[in-house]
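Colleague: The structure is given below, and queries will be raised subsequently.
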Amino acid sequence: MRQGEPGDTEADTRVCGLFDGGALTDPDLQRLVDASEAKGTLKRLCVTHEDTDGGGRRRVIIAGLGKEEEFDAEKARVAASAAATRAKELGAESLSWVAPEKDGAVTGIVEGTILCLYDFDRFKSSKDEDDGGGGGIASLEVVGGDEDEASTARVTAAAQNAARDLQNLPSNVCTPEFLATRACEIADAHDSVEVELFDRDQIAEMGMGALTAVAQGTYAEPRLIVLRYQGGGDGPHLGFVGKAVTFDTGGISIKPSAKMHEMKFDMSGGAAVLESIDAIATLGVPAQITAVVPATENMPSGRSVKPGDIVTAMNGKTIEVNNTDAEGRLILSDALCYAVDQGVERIADFATLTGAVIVALGHTYAGLFANDDDWCAVVEEAGRATGEEGWRLPLHPEFAESIKGKYGDISNIGEAGAAGSIAGAEFLKHFVGDTPWVHVDIAGTAWGMKRNYVGNGASGFGVRLMVELARRQGSDPEAGEGSDPEAAVNQGV
Ligand code: BES
Ligand code: ZN
Ligand code: ZN
């Protein structure tokens with residue numbers, strides 16, 4: 001964050017936001033507005049150049065922010081993404097944004113820039129030609145605005161990008177053990193975080209018959225990953241639970257081959273949970289959180305769980321496994337029981353649970369399902385504030401009826417073709433008892449979101465939402481381990 005005149009910057013590219021019908025203070029730039037060359041329509045860009053005091057030239061991008069009365073952090077993310085993408089194409093290496101004096105502007109500019117500059121090219125022998133031939137954009141400064149806001153946004157967006165890395169990594173690299181190693185790194189980096197890992201035998205010994213059943217078909221060693229964050233505060237003990245199926249073939253109920261490769265993303269919930277803890281600990285948010293990530297592959301083999309098998313979850317409920325592709329709810333059942341046993345007082349689970357949620361809500365909203373209106377309202381509000389939005393869908397005794405077991409207590413599938421996402425949620429509800437719980441079905445939003453700043457691929461959805469939930473549930477925003485906001489600025493993106 002830099003105070004002072006916008007033109008004083010060392011950056012090679014300056015970005016000025018322009019509202020629809022608005023004006024710019026710089027007369028040279030205003031001439032472009034008068035000539036309708038620069039417009040305030042959201043995502044619209046106009047590139048020009050100006051003389052610097054040192055006798056050089058500097059690029060200036062006038063970035064449309066849309067209607068002033070509609071402006072929020074999400075519009076800022078979209079506008080910042082458009083500007084940074086163009087700047088990168090033009091070979092920019094440093095950006096200086098003039099933040100409009102509006103709520104959420106700094107958050108949106110920092111997050112939109114960092115998120116849109118993400119790419120996953122570590123397996124490419126030669127790098128993309130599209131980045132202007134320079135070294136890429138290495139620094140961002142925002143002129144004006146609040147330093148804490150900028151540093152929170154920087155840490156959060158970096159964590160979201162880390163979750164996108166985990167999502168993008170192929171399943172032969174990103175195994176359950178790989179995720180466990182990542183959890184250990186997070187715990188090592190923060191005094192406030194502890195890690196506990198359970199292997200195949202320990203998972204079975206704890207009575208986690210459902211997670212054991214899914215994991216029995218694969219050679220890859222499963223892990224139940226637990227991170228405990230103690231950031232103080234007097235808010236409720238939060239439980240974040242994330243599905244991490246590092247590859248979902250469907251098991252014996254095998255999936256069609258056409259899109260099966262996409263199922264490396266089936267660990268997106270777990271990735272978001274792990275990386276959100278890293279961000280929350282870095283920010284020193286005053287909160288107490290237990291994060292539980294059941295991690296396994298779902299494979300067909302001679303040892304796999306079979307349709308019709310009956311298994312017993314940690315809380316003693318018996319489950320008929322009538323479709324081995326509905327494995328997410330199986331591994332979550334034990335993880336939710338574990339979280340409840342740990343004494344969590346509010347639960348949010350994040351899971352790429354059902355294809356049906358994409359039919360219902362596309363790639364725009366996550367599906368929300370809850371047993372508690374107040375806690376659900378907190379999640380909905382945090383979603384609106386962060387641009388990671390959820391839309392609540394109902395539970396109903398008739399849907400609960402649809403997953404009644406014929407031979408066991410419950411079946412892991414409901415009526416074919418009827419409210420599949422709700423059936424999944426009704427199943428999970430059996431494992432949370434009376435604890436306020438929201439299930440976030442991110443099958444649509446974990447990848448393929450049509451937001452320019454996450455570019456249609458792995459989105460890291462859930463990281464911003466969980467950081468916000470922790471911040472909202474914590475008591476004193478000044479407390480905690482904290483990061484140094486001074487050090488956070490101009491540190492590069
Ligand atoms: N991982 C899938 C859900 C999924 C599907 C995520 C498409 C993203 C895109 C999940 O394990 C699954 O296979 N669910 C089944 C449930 C069904 C068998 C009741 C589904 O949605 O078809
Ligand atoms: Zn599946
Ligand atoms: Zn799955």
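Labels for the structure tokens follow display order: chains A, B, ..., residues from 1 in each chain, ligands from 1.
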Which residues are close to A:Asn315, i.e. within 12 Å by only C-alpha atoms, leaving aside same-chain residues fewer than 2 positions away? Reply as a list in words.
Modeller: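 Residues near the query, excluding close chain neighbours: Met206, Gly207, Met208, Gly209, Ala210, Val311, Thr312, Ala313, Lys317, Thr318, Ile319, Ser333, Asp334, Ala335, Leu336, Cys337, Tyr338, Ala339, Val340, Asp341, Asp409, His430, Phe431, Val432 and Gly433 of chain A.
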Colleague: Restrict the selected residues to N, CA and C atoms and save them as a short mmCIF file (atom, residue, chain, number, x, y, z; two decimals), in the first residue's frame.
Modeller:
```
data_model
loop_
_atom_site.label_atom_id
_atom_site.label_comp_id
_atom_site.auth_asym_id
_atom_site.auth_seq_id
_atom_site.Cartn_x
_atom_site.Cartn_y
_atom_site.Cartn_z
N MET A 206 -10.35 -47.00 14.52
CA MET A 206 -11.24 -45.98 15.09
C MET A 206 -12.71 -46.27 14.77
N GLY A 207 -12.96 -47.31 14.01
CA GLY A 207 -14.34 -47.67 13.69
C GLY A 207 -14.88 -46.93 12.48
N MET A 208 -13.97 -46.40 11.67
CA MET A 208 -14.41 -45.66 10.48
C MET A 208 -14.63 -46.63 9.32
N GLY A 209 -15.71 -47.37 9.43
CA GLY A 209 -15.96 -48.43 8.46
C GLY A 209 -16.27 -47.92 7.06
N ALA A 210 -16.78 -46.71 6.96
CA ALA A 210 -17.17 -46.19 5.65
C ALA A 210 -15.93 -45.69 4.88
N VAL A 311 -21.67 -51.46 5.47
CA VAL A 311 -20.54 -51.06 6.31
C VAL A 311 -21.07 -50.25 7.49
N THR A 312 -20.24 -50.12 8.52
CA THR A 312 -20.67 -49.40 9.72
C THR A 312 -19.80 -48.17 9.94
N ALA A 313 -20.44 -47.03 10.01
CA ALA A 313 -19.69 -45.77 10.22
C ALA A 313 -19.32 -45.64 11.70
N LYS A 317 -23.91 -46.24 12.75
CA LYS A 317 -24.96 -46.39 11.74
C LYS A 317 -24.49 -47.33 10.64
N THR A 318 -25.38 -48.18 10.18
CA THR A 318 -25.01 -49.11 9.10
C THR A 318 -25.46 -48.51 7.76
N ILE A 319 -24.58 -48.68 6.78
CA ILE A 319 -24.78 -48.06 5.47
C ILE A 319 -24.75 -49.13 4.38
N SER A 333 -18.88 -39.23 6.08
CA SER A 333 -19.66 -39.65 7.24
C SER A 333 -18.73 -39.86 8.44
N ASP A 334 -17.64 -40.57 8.22
CA ASP A 334 -16.71 -40.81 9.32
C ASP A 334 -15.98 -39.54 9.73
N ALA A 335 -15.65 -38.71 8.75
CA ALA A 335 -14.94 -37.46 9.08
C ALA A 335 -15.84 -36.52 9.89
N LEU A 336 -17.13 -36.50 9.56
CA LEU A 336 -18.06 -35.65 10.32
C LEU A 336 -18.22 -36.19 11.75
N CYS A 337 -18.34 -37.52 11.88
CA CYS A 337 -18.42 -38.12 13.23
C CYS A 337 -17.19 -37.73 14.05
N TYR A 338 -16.02 -37.79 13.40
CA TYR A 338 -14.78 -37.48 14.10
C TYR A 338 -14.79 -36.01 14.56
N ALA A 339 -15.21 -35.11 13.65
CA ALA A 339 -15.26 -33.68 14.00
C ALA A 339 -16.20 -33.46 15.19
N VAL A 340 -17.36 -34.09 15.16
CA VAL A 340 -18.32 -33.95 16.26
C VAL A 340 -17.69 -34.45 17.56
N ASP A 341 -17.02 -35.60 17.50
CA ASP A 341 -16.34 -36.15 18.69
C ASP A 341 -15.29 -35.20 19.25
N ASP A 409 -29.28 -49.26 7.99
CA ASP A 409 -29.98 -48.04 8.41
C ASP A 409 -30.23 -47.10 7.24
N HIS A 430 -27.02 -37.47 8.88
CA HIS A 430 -27.04 -38.56 9.87
C HIS A 430 -25.79 -38.58 10.74
N PHE A 431 -24.77 -37.80 10.39
CA PHE A 431 -23.48 -37.94 11.08
C PHE A 431 -23.06 -36.68 11.83
N VAL A 432 -23.96 -35.70 11.90
CA VAL A 432 -23.58 -34.46 12.60
C VAL A 432 -24.34 -34.27 13.90
N GLY A 433 -25.28 -35.17 14.18
CA GLY A 433 -26.06 -35.02 15.42
C GLY A 433 -26.77 -33.68 15.44
#
```
Colleague: Kindly provide, as a JSON list (two decimals) with C-alpha atoms, in the first residue's frame, all nucleotide and amino acid residues lying within 10 Å of ligand 1, counting only C-alpha atoms and all ligand atoms.
Modeller:
```
[["chain", "number", "residue", "atom", "x", "y", "z"],
["A", 243, "LYS", "CA", -13.65, -34.29, 0.87],
["A", 244, "ALA", "CA", -10.33, -35.38, -0.63],
["A", 245, "VAL", "CA", -10.86, -38.21, -3.09],
["A", 246, "THR", "CA", -7.58, -37.84, -4.95],
["A", 247, "PHE", "CA", -9.05, -39.79, -7.86],
["A", 248, "ASP", "CA", -12.64, -40.92, -8.27],
["A", 249, "THR", "CA", -13.05, -43.67, -10.86],
["A", 250, "GLY", "CA", -16.43, -44.50, -9.36],
["A", 251, "GLY", "CA", -15.06, -47.79, -8.04],
["A", 253, "SER", "CA", -19.85, -48.62, -10.17],
["A", 254, "ILE", "CA", -17.29, -47.28, -12.61],
["A", 255, "LYS", "CA", -17.69, -43.91, -14.34],
["A", 259, "LYS", "CA", -14.61, -37.16, -18.47],
["A", 260, "MET", "CA", -12.99, -39.43, -15.95],
["A", 262, "GLU", "CA", -11.54, -34.57, -14.43],
["A", 263, "MET", "CA", -11.92, -36.62, -11.28],
["A", 264, "LYS", "CA", -8.45, -35.64, -10.09],
["A", 265, "PHE", "CA", -10.33, -32.55, -8.82],
["A", 266, "ASP", "CA", -12.37, -34.65, -6.44],
["A", 267, "MET", "CA", -10.09, -33.56, -3.62],
["A", 268, "SER", "CA", -10.99, -29.88, -4.05],
["A", 298, "ASN", "CA", -11.79, -44.53, -5.16],
["A", 322, "ASN", "CA", -25.65, -49.30, -3.29],
["A", 323, "ASN", "CA", -23.45, -47.26, -5.60],
["A", 324, "THR", "CA", -19.71, -47.17, -5.04],
["A", 325, "ASP", "CA", -19.51, -43.88, -6.96],
["A", 326, "ALA", "CA", -21.35, -42.14, -4.12],
["A", 327, "GLU", "CA", -18.10, -42.46, -2.16],
["A", 328, "GLY", "CA", -17.77, -38.84, -1.04],
["A", 329, "ARG", "CA", -20.62, -39.14, 1.44],
["A", 330, "LEU", "CA", -19.10, -42.37, 2.77],
["A", 351, "ALA", "CA", -17.20, -31.48, -1.02],
["A", 352, "THR", "CA", -17.40, -32.11, -4.76],
["A", 353, "LEU", "CA", -20.30, -34.37, -3.85],
["A", 354, "THR", "CA", -22.78, -34.54, -6.71],
["A", 355, "GLY", "CA", -22.98, -33.96, -10.44],
["A", 356, "ALA", "CA", -26.60, -33.00, -9.78],
["A", 357, "VAL", "CA", -25.58, -29.73, -8.13],
["A", 358, "ILE", "CA", -24.14, -28.63, -11.48],
["A", 359, "VAL", "CA", -27.52, -29.28, -13.09],
["A", 412, "ASN", "CA", -25.77, -44.17, 0.07],
["A", 413, "ILE", "CA", -28.08, -43.31, -2.85],
["A", 414, "GLY", "CA", -31.63, -41.99, -3.09],
["A", 415, "GLU", "CA", -34.20, -42.29, -5.86],
["A", 416, "ALA", "CA", -32.46, -42.18, -9.26],
["A", 417, "GLY", "CA", -32.82, -38.84, -11.03],
["A", 418, "ALA", "CA", -34.58, -37.12, -8.13],
["A", 419, "ALA", "CA", -32.94, -34.39, -6.03],
["A", 420, "GLY", "CA", -29.56, -36.12, -6.02],
["A", 421, "SER", "CA", -27.72, -33.32, -4.24],
["A", 423, "ALA", "CA", -30.14, -36.96, -1.04],
["A", 424, "GLY", "CA", -26.39, -36.56, -0.51],
["A", 441, "ASP", "CA", -21.53, -28.94, -2.44],
["A", 442, "ILE", "CA", -18.76, -27.49, -4.61],
["A", 443, "ALA", "CA", -18.94, -29.96, -7.52],
["A", 444, "GLY", "CA", -19.86, -27.04, -9.81],
["A", 445, "THR", "CA", -17.75, -24.27, -8.36],
["A", 446, "ALA", "CA", -14.48, -26.12, -7.66],
["A", 447, "TRP", "CA", -13.66, -25.80, -11.33]]
```
Colleague: Between atom CA of A:Gly455 and atom CA of A:Val438, measure the distance and give it in Å to one decimal.
Modeller: 27.3 Å
Colleague: Within stretch 298-425 of chain A, find each residue whose DSSP state, derived from the backbone, is strand (DSSP E or B), and express the selection as an mmCIF file with N, CA, C and O atoms, in the first residue's frame.
Modeller:
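File states24.cif, as written:
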```cif
data_model
loop_
_atom_site.group_PDB
_atom_site.id
_atom_site.type_symbol
_atom_site.label_atom_id
_atom_site.label_comp_id
_atom_site.auth_asym_id
_atom_site.auth_seq_id
_atom_site.Cartn_x
_atom_site.Cartn_y
_atom_site.Cartn_z
ATOM 1 N N ASN A 298 -10.644 -43.633 -5.014
ATOM 2 C CA ASN A 298 -11.794 -44.532 -5.161
ATOM 3 C C ASN A 298 -11.561 -45.368 -6.411
ATOM 4 O O ASN A 298 -11.716 -44.874 -7.524
ATOM 5 N N ASP A 309 -22.807 -54.045 -0.451
ATOM 6 C CA ASP A 309 -22.078 -54.250 0.809
ATOM 7 C C ASP A 309 -22.669 -53.352 1.901
ATOM 8 O O ASP A 309 -23.170 -52.249 1.624
ATOM 9 N N ILE A 310 -22.589 -53.828 3.118
ATOM 10 C CA ILE A 310 -23.064 -53.023 4.254
ATOM 11 C C ILE A 310 -21.884 -52.746 5.175
ATOM 12 O O ILE A 310 -21.149 -53.669 5.554
ATOM 13 N N VAL A 311 -21.673 -51.458 5.469
ATOM 14 C CA VAL A 311 -20.539 -51.059 6.311
ATOM 15 C C VAL A 311 -21.068 -50.246 7.494
ATOM 16 O O VAL A 311 -22.200 -49.739 7.459
ATOM 17 N N THR A 312 -20.239 -50.124 8.517
ATOM 18 C CA THR A 312 -20.670 -49.404 9.724
ATOM 19 C C THR A 312 -19.796 -48.172 9.942
ATOM 20 O O THR A 312 -18.571 -48.282 10.022
ATOM 21 N N THR A 318 -25.378 -48.183 10.179
ATOM 22 C CA THR A 318 -25.010 -49.105 9.102
ATOM 23 C C THR A 318 -25.457 -48.515 7.763
ATOM 24 O O THR A 318 -26.539 -47.921 7.648
ATOM 25 N N ILE A 319 -24.580 -48.683 6.784
ATOM 26 C CA ILE A 319 -24.783 -48.058 5.472
ATOM 27 C C ILE A 319 -24.747 -49.130 4.384
ATOM 28 O O ILE A 319 -23.797 -49.915 4.315
ATOM 29 N N GLU A 320 -25.795 -49.142 3.565
ATOM 30 C CA GLU A 320 -25.757 -49.980 2.362
ATOM 31 C C GLU A 320 -25.060 -49.204 1.263
ATOM 32 O O GLU A 320 -25.503 -48.109 0.886
ATOM 33 N N VAL A 321 -24.008 -49.767 0.739
ATOM 34 C CA VAL A 321 -23.287 -49.092 -0.346
ATOM 35 C C VAL A 321 -23.918 -49.547 -1.668
ATOM 36 O O VAL A 321 -23.499 -50.525 -2.267
ATOM 37 N N ARG A 346 -19.678 -25.679 15.360
ATOM 38 C CA ARG A 346 -20.279 -25.327 14.052
ATOM 39 C C ARG A 346 -19.485 -26.101 13.011
ATOM 40 O O ARG A 346 -18.249 -26.082 13.050
ATOM 41 N N ILE A 347 -20.175 -26.721 12.079
ATOM 42 C CA ILE A 347 -19.462 -27.468 11.038
ATOM 43 C C ILE A 347 -19.787 -26.888 9.674
ATOM 44 O O ILE A 347 -20.946 -26.585 9.373
ATOM 45 N N ALA A 348 -18.773 -26.750 8.835
ATOM 46 C CA ALA A 348 -18.986 -26.503 7.399
ATOM 47 C C ALA A 348 -18.181 -27.565 6.665
ATOM 48 O O ALA A 348 -16.976 -27.690 6.892
ATOM 49 N N ASP A 349 -18.869 -28.361 5.839
ATOM 50 C CA ASP A 349 -18.109 -29.306 5.027
ATOM 51 C C ASP A 349 -18.131 -28.854 3.571
ATOM 52 O O ASP A 349 -19.110 -28.294 3.100
ATOM 53 N N PHE A 350 -17.013 -29.095 2.912
ATOM 54 C CA PHE A 350 -16.825 -28.691 1.513
ATOM 55 C C PHE A 350 -16.528 -29.946 0.699
ATOM 56 O O PHE A 350 -15.556 -30.654 0.987
ATOM 57 N N ALA A 351 -17.358 -30.212 -0.304
ATOM 58 C CA ALA A 351 -17.202 -31.478 -1.020
ATOM 59 C C ALA A 351 -17.706 -31.372 -2.455
ATOM 60 O O ALA A 351 -18.770 -30.802 -2.713
ATOM 61 N N ALA A 366 -22.381 -22.549 -5.194
ATOM 62 C CA ALA A 366 -22.276 -23.838 -4.508
ATOM 63 C C ALA A 366 -23.648 -24.144 -3.915
ATOM 64 O O ALA A 366 -24.398 -23.227 -3.565
ATOM 65 N N GLY A 367 -23.977 -25.402 -3.779
ATOM 66 C CA GLY A 367 -25.219 -25.784 -3.097
ATOM 67 C C GLY A 367 -24.988 -25.766 -1.596
ATOM 68 O O GLY A 367 -23.983 -26.283 -1.121
ATOM 69 N N LEU A 368 -25.906 -25.123 -0.869
ATOM 70 C CA LEU A 368 -25.821 -25.119 0.598
ATOM 71 C C LEU A 368 -26.980 -25.932 1.164
ATOM 72 O O LEU A 368 -28.116 -25.831 0.675
ATOM 73 N N PHE A 369 -26.697 -26.703 2.182
ATOM 74 C CA PHE A 369 -27.696 -27.544 2.840
ATOM 75 C C PHE A 369 -27.393 -27.448 4.320
ATOM 76 O O PHE A 369 -26.222 -27.520 4.705
ATOM 77 N N ALA A 370 -28.415 -27.273 5.152
ATOM 78 C CA ALA A 370 -28.109 -27.007 6.553
ATOM 79 C C ALA A 370 -29.173 -27.567 7.479
ATOM 80 O O ALA A 370 -30.329 -27.720 7.092
ATOM 81 N N GLY A 390 -23.056 -19.218 -2.164
ATOM 82 C CA GLY A 390 -23.832 -20.452 -2.076
ATOM 83 C C GLY A 390 -25.307 -20.137 -2.205
ATOM 84 O O GLY A 390 -25.730 -19.000 -1.960
ATOM 85 N N TRP A 391 -26.070 -21.141 -2.602
ATOM 86 C CA TRP A 391 -27.524 -21.002 -2.681
ATOM 87 C C TRP A 391 -28.130 -22.162 -1.906
ATOM 88 O O TRP A 391 -27.830 -23.314 -2.186
ATOM 89 N N ARG A 392 -28.965 -21.816 -0.933
ATOM 90 C CA ARG A 392 -29.485 -22.873 -0.057
ATOM 91 C C ARG A 392 -30.565 -23.694 -0.757
ATOM 92 O O ARG A 392 -31.470 -23.135 -1.387
ATOM 93 N N LYS A 404 -33.512 -44.204 3.038
ATOM 94 C CA LYS A 404 -33.667 -45.282 4.050
ATOM 95 C C LYS A 404 -33.121 -46.581 3.475
ATOM 96 O O LYS A 404 -33.345 -46.908 2.309
ATOM 97 N N ILE A 410 -29.198 -46.839 6.459
ATOM 98 C CA ILE A 410 -29.351 -45.909 5.335
ATOM 99 C C ILE A 410 -28.626 -46.444 4.102
ATOM 100 O O ILE A 410 -27.690 -47.244 4.206
ATOM 101 N N SER A 411 -29.100 -45.952 2.955
ATOM 102 C CA SER A 411 -28.462 -46.290 1.678
ATOM 103 C C SER A 411 -27.635 -45.088 1.242
ATOM 104 O O SER A 411 -27.994 -43.941 1.549
#
```
Colleague: Near A:Ile422, counting only C-alpha atoms, which residues have an atom at most 8 Å away, once you skip same-chain residues fewer than 3 positions from it, shown as a PyMOL selection string?
Modeller: chain A and resi 369+393-395+399+419+425-426
Colleague: Determine which residues of stretch 27-223 of chain A receive a DSSP assignment of helix (DSSP H, G or I), computed from the backbone, and state them as a VMD selection string.
Modeller: chain A and resid 27 to 34 68 to 70 73 to 89 105 to 116 129 to 131 147 to 168 176 to 189 200 to 205 209 to 215
Colleague: Give me the stretch 82-124 of chain A side of the contact with stretch 169-185 of chain A, cut-off 10 Å, one line per residue showing its nearest atom pair and distance in Å at one decimal, counting only C-alpha atoms, sorted by chain and residue number, as CSV.
Modeller:
```
residue,atom,partner,partner_atom,distance
A:Phe120,CA,A:Leu169,CA,8.8
A:Arg122,CA,A:Leu169,CA,9.5
A:Phe123,CA,A:Leu169,CA,9.5
```
Colleague: May I have the selected residues written with N, CA, C and O atoms, as a PDB file, in the first residue's frame?
Modeller:
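Output saved as selection26.pdb:
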```pdb
ATOM      1  N   PHE A 120      -0.672 -22.795 -14.100  1.00  0.00           N
ATOM      2  CA  PHE A 120      -0.153 -24.084 -13.658  1.00  0.00           C
ATOM      3  C   PHE A 120       0.603 -24.672 -14.833  1.00  0.00           C
ATOM      4  O   PHE A 120       0.020 -25.295 -15.717  1.00  0.00           O
ATOM      5  N   ARG A 122       3.869 -26.168 -14.464  1.00  0.00           N
ATOM      6  CA  ARG A 122       5.099 -26.827 -13.992  1.00  0.00           C
ATOM      7  C   ARG A 122       5.427 -28.099 -14.771  1.00  0.00           C
ATOM      8  O   ARG A 122       6.541 -28.580 -14.716  1.00  0.00           O
ATOM      9  N   PHE A 123       4.439 -28.627 -15.498  1.00  0.00           N
ATOM     10  CA  PHE A 123       4.740 -29.827 -16.282  1.00  0.00           C
ATOM     11  C   PHE A 123       4.993 -29.510 -17.756  1.00  0.00           C
ATOM     12  O   PHE A 123       5.124 -30.409 -18.575  1.00  0.00           O
TER      13      PHE A 123
END
```
Colleague: Could you work out how far atom CA of A:Ile62 lies from atom CA of A:Phe19, giving the answer in Å with one decimal?
Modeller: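 A separation of 10.1 Å between them.
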Colleague: Measuring between only C-alpha atoms, which one of A:Val293, A:Leu18, A:Ala105, A:Ile186 shows the shortest distance to A:Lys67?
Modeller: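 Once distances to A:Lys67 are computed over only C-alpha atoms, the minimum belongs to A:Leu18.
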Colleague: At a cut-off of 10 Å, using only C-alpha atoms, what residues contact A:Thr48? Leave out same-chain residues fewer than 5 positions from it and give the result as a ChimeraX atom specification.
Modeller: /A:13-14,28-29,32,38,58-62
Colleague: Would you save the residues from that selection as a JSON list (two decimals), in the first residue's frame, using all heavy atoms?
Modeller:
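Okay, again-v1.json is ready:
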```
[["chain", "number", "residue", "atom", "x", "y", "z"],
["A", 13, "THR", "N", 3.59, 0.04, -15.05],
["A", 13, "THR", "CA", 2.21, 0.17, -15.52],
["A", 13, "THR", "C", 1.32, 0.68, -14.40],
["A", 13, "THR", "O", 1.35, 0.15, -13.29],
["A", 13, "THR", "CB", 1.68, -1.21, -16.00],
["A", 13, "THR", "OG1", 2.54, -1.69, -17.03],
["A", 13, "THR", "CG2", 0.27, -1.09, -16.55],
["A", 14, "ARG", "N", 0.57, 1.72, -14.72],
["A", 14, "ARG", "CA", -0.34, 2.31, -13.75],
["A", 14, "ARG", "C", -1.76, 1.93, -14.19],
["A", 14, "ARG", "O", -2.05, 1.92, -15.40],
["A", 14, "ARG", "CB", -0.18, 3.82, -13.83],
["A", 14, "ARG", "CG", -0.41, 4.59, -12.59],
["A", 14, "ARG", "CD", 0.37, 5.89, -12.67],
["A", 14, "ARG", "NE", -0.19, 6.86, -13.60],
["A", 14, "ARG", "CZ", -1.31, 7.56, -13.38],
["A", 14, "ARG", "NH1", -2.01, 7.35, -12.29],
["A", 14, "ARG", "NH2", -1.72, 8.47, -14.25],
["A", 28, "ASP", "N", -5.08, 14.55, -19.13],
["A", 28, "ASP", "CA", -4.74, 13.77, -20.33],
["A", 28, "ASP", "C", -5.61, 12.51, -20.42],
["A", 28, "ASP", "O", -6.06, 12.13, -21.50],
["A", 28, "ASP", "CB", -3.26, 13.36, -20.32],
["A", 28, "ASP", "CG", -2.37, 14.58, -20.56],
["A", 28, "ASP", "OD1", -2.83, 15.51, -21.25],
["A", 28, "ASP", "OD2", -1.24, 14.59, -20.03],
["A", 29, "LEU", "N", -5.79, 11.87, -19.27],
["A", 29, "LEU", "CA", -6.61, 10.66, -19.26],
["A", 29, "LEU", "C", -8.08, 11.01, -19.47],
["A", 29, "LEU", "O", -8.81, 10.29, -20.17],
["A", 29, "LEU", "CB", -6.42, 9.88, -17.95],
["A", 29, "LEU", "CG", -4.99, 9.41, -17.65],
["A", 29, "LEU", "CD1", -4.94, 8.62, -16.34],
["A", 29, "LEU", "CD2", -4.42, 8.56, -18.79],
["A", 32, "LEU", "N", -9.27, 11.10, -22.96],
["A", 32, "LEU", "CA", -9.64, 9.80, -23.56],
["A", 32, "LEU", "C", -11.07, 9.40, -23.18],
["A", 32, "LEU", "O", -11.77, 8.77, -23.96],
["A", 32, "LEU", "CB", -8.66, 8.71, -23.10],
["A", 32, "LEU", "CG", -7.22, 8.89, -23.62],
["A", 32, "LEU", "CD1", -6.27, 7.97, -22.87],
["A", 32, "LEU", "CD2", -7.16, 8.59, -25.11],
["A", 38, "ALA", "N", -11.87, 5.74, -23.68],
["A", 38, "ALA", "CA", -11.90, 5.04, -22.40],
["A", 38, "ALA", "C", -13.33, 5.06, -21.88],
["A", 38, "ALA", "O", -13.99, 6.11, -21.91],
["A", 38, "ALA", "CB", -10.99, 5.74, -21.41],
["A", 58, "ARG", "N", 5.61, 5.53, -19.35],
["A", 58, "ARG", "CA", 4.96, 4.52, -18.52],
["A", 58, "ARG", "C", 3.61, 4.18, -19.13],
["A", 58, "ARG", "O", 2.94, 5.04, -19.70],
["A", 58, "ARG", "CB", 4.76, 5.09, -17.12],
["A", 58, "ARG", "CG", 4.08, 4.14, -16.17],
["A", 58, "ARG", "CD", 3.52, 4.86, -14.95],
["A", 58, "ARG", "NE", 4.54, 5.49, -14.15],
["A", 58, "ARG", "CZ", 4.52, 6.77, -13.79],
["A", 58, "ARG", "NH1", 3.55, 7.59, -14.17],
["A", 58, "ARG", "NH2", 5.49, 7.27, -13.05],
["A", 59, "ARG", "N", 3.28, 2.92, -19.04],
["A", 59, "ARG", "CA", 1.98, 2.46, -19.56],
["A", 59, "ARG", "C", 0.88, 2.84, -18.57],
["A", 59, "ARG", "O", 1.08, 2.77, -17.34],
["A", 59, "ARG", "CB", 2.04, 0.94, -19.70],
["A", 59, "ARG", "CG", 0.89, 0.30, -20.41],
["A", 59, "ARG", "CD", 1.09, -1.20, -20.50],
["A", 59, "ARG", "NE", 2.23, -1.57, -21.32],
["A", 59, "ARG", "CZ", 3.34, -2.14, -20.86],
["A", 59, "ARG", "NH1", 3.49, -2.40, -19.58],
["A", 59, "ARG", "NH2", 4.32, -2.45, -21.67],
["A", 60, "VAL", "N", -0.27, 3.25, -19.07],
["A", 60, "VAL", "CA", -1.43, 3.52, -18.21],
["A", 60, "VAL", "C", -2.61, 2.73, -18.76],
["A", 60, "VAL", "O", -2.90, 2.79, -19.95],
["A", 60, "VAL", "CB", -1.80, 5.03, -18.19],
["A", 60, "VAL", "CG1", -2.96, 5.28, -17.23],
["A", 60, "VAL", "CG2", -0.59, 5.87, -17.79],
["A", 61, "ILE", "N", -3.26, 2.01, -17.89],
["A", 61, "ILE", "CA", -4.47, 1.28, -18.30],
["A", 61, "ILE", "C", -5.65, 1.89, -17.55],
["A", 61, "ILE", "O", -5.64, 1.98, -16.31],
["A", 61, "ILE", "CB", -4.37, -0.23, -17.96],
["A", 61, "ILE", "CG1", -3.20, -0.85, -18.72],
["A", 61, "ILE", "CG2", -5.67, -0.95, -18.29],
["A", 61, "ILE", "CD1", -2.97, -2.33, -18.43],
["A", 62, "ILE", "N", -6.62, 2.34, -18.33],
["A", 62, "ILE", "CA", -7.87, 2.82, -17.71],
["A", 62, "ILE", "C", -8.82, 1.63, -17.71],
["A", 62, "ILE", "O", -9.15, 1.07, -18.76],
["A", 62, "ILE", "CB", -8.45, 4.02, -18.49],
["A", 62, "ILE", "CG1", -7.40, 5.14, -18.56],
["A", 62, "ILE", "CG2", -9.74, 4.51, -17.84],
["A", 62, "ILE", "CD1", -7.76, 6.26, -19.51]]
```
Colleague: Looking at A:Met299, A:Thr218, A:His396, A:Leu465, which one is nearest to ligand 2, with distances taken over only C-alpha atoms and all ligand atoms?
Modeller: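 Between A:Met299, A:Thr218, A:His396, A:Leu465, the residue approaching ligand 2 most closely is A:Met299.
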Colleague: What separation in Å, quoted to one decimal, exists between atom CA of A:Trp437 and atom CA of A:Gly316?
Modeller: 19.8 Å
